[in-house]
Structure formats: C-alpha cells, structure tokens
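Single-structure report; data block below.
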Amino acid sequence: MLTIGTIALLFIYFFAWTRFSSSISTEDTRLNMENLTPADYTVMVTGVPVAKGEGSITEEQFKNEFETHVAATLRTITNVPVKIAKAVFTYDLTPYNEKFDRLREARRTKAAIDQYRDRHKRREAAKGRTVTEEQMKKIKPEECNWSGY
C-alpha cells in the first residue's frame, strides 16, 4: 500500500525529472547549434571498393569522383559551393569480427567443458571415488552431456 510520504516522494521525483531532463536536452541542443564540429560536415559512404588490388580506388580518386558527382549536385540544389576536404577510408572489420565470434564461441565451449568436468569431479567425489587430472583430460567435448548448460 502506498503511503502519503511515498506518494509525495514520487511526485517530487517526477517533477524534478520532467523539469531537469527537458532543460538538459534544451541546453544540449543549444550548445550543439552554437558550435561547429567535424561531425556537422561528415558523410559516411558505404560500398566503395577500397580493397587493395584490381577494382580498388584510392582516397584521392574517391575524393575527385565524389566532388565531381555528388558535390556538383549539392551545389546545384543549395547554390552553396561544396568542397571535399578529406576522404578517410576505414578498415573492413568483417574478418576480424568473424574471428572474434569464433574466439567467443571457443571460450564459451571451454567454459562449458570446464563446468562439466567440475560437476563430474564433484559427482564422483560424492560417490566416494577420486578422479585424477589424467582422467579429466580424457573427457572429450562431444562426450559431454550438455543438458543444463
């Protein structure tokens, strides 16, 4: 049951939250509008063949092509001169992400095997038997009962 004190506290919290959250958002918007940063003029373009070898493109070639086609179109629409200051290519992280996913899965599997071996060792100890490290190493992942993991 809610007491009067709890209701009053909730009311104060709600009032403070609505008052200050909107003022922080307003201040953030005002500061963003008053300051120019590189993010105000940054454009991300995807699908550019930047890999080394046949069919690839250099940063200078990309800059020239982009300026020729896209900047010319923007210039026509906005009537403001558009200049490409710099083109920066990033790395293709797909191979890294795939390897990282495989590593994460291997770590999960190892943790599950370690947990299974620990549980097996405790079960055997509860039955009064001792399990040596050599016996534990012989347990293969495909032989583990994975239910409950």
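Ordering of the structure tokens sets the chain letters (A, B, ...), residue numbers begin anew at 1 in every chain, and ligands are numbered from 1 in the order given.
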
Quick one: which stretch 40-118 of chain A residues come within 10 Å of stretch 133-137 of chain A, and what is the nearest atom pair for each with the distance in Å to one decimal, counting only C-alpha atoms, rows ordered by chain and ascending number, as a tab-separated table?
```
residue	atom	partner	partner_atom	distance
A:Asp114	CA	A:Met136	CA	9.6
A:Arg117	CA	A:Met136	CA	6.6
A:Asp118	CA	A:Met136	CA	9.0
```

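Take atom CA of A:Ile113 and atom CA of A:Lys138: the distance between them is 11.7 Å.
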
re atom CA of A:Thr94 and atom CA of A:Ala39: distance 24.8 Å

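Of the residues under consideration (A:Thr90, A:Tyr116, A:Arg102, A:Leu74), A:Thr90 shows the shortest atom-to-atom contact distance to A:Gly47 when counting only C-alpha atoms.
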
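Between atom CA of A:His69 and atom CA of A:Thr37 the separation is 24.8 Å.
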
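Surrounding stretch 63-68 of chain A within 8 Å are Glu59, Ala72, Val82, Lys83, Ile84, Lys86 and Ala87 of chain A, with only C-alpha atoms counted and residues fewer than 4 positions along the same chain left out.
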
Return as a PyMOL selection string the full set of residues in stretch 19-140 of chain A whose backbone-based DSSP assignment is alpha helix (DSSP H).
chain A and resi 19-34+59-66+72-78+94-126+133-137
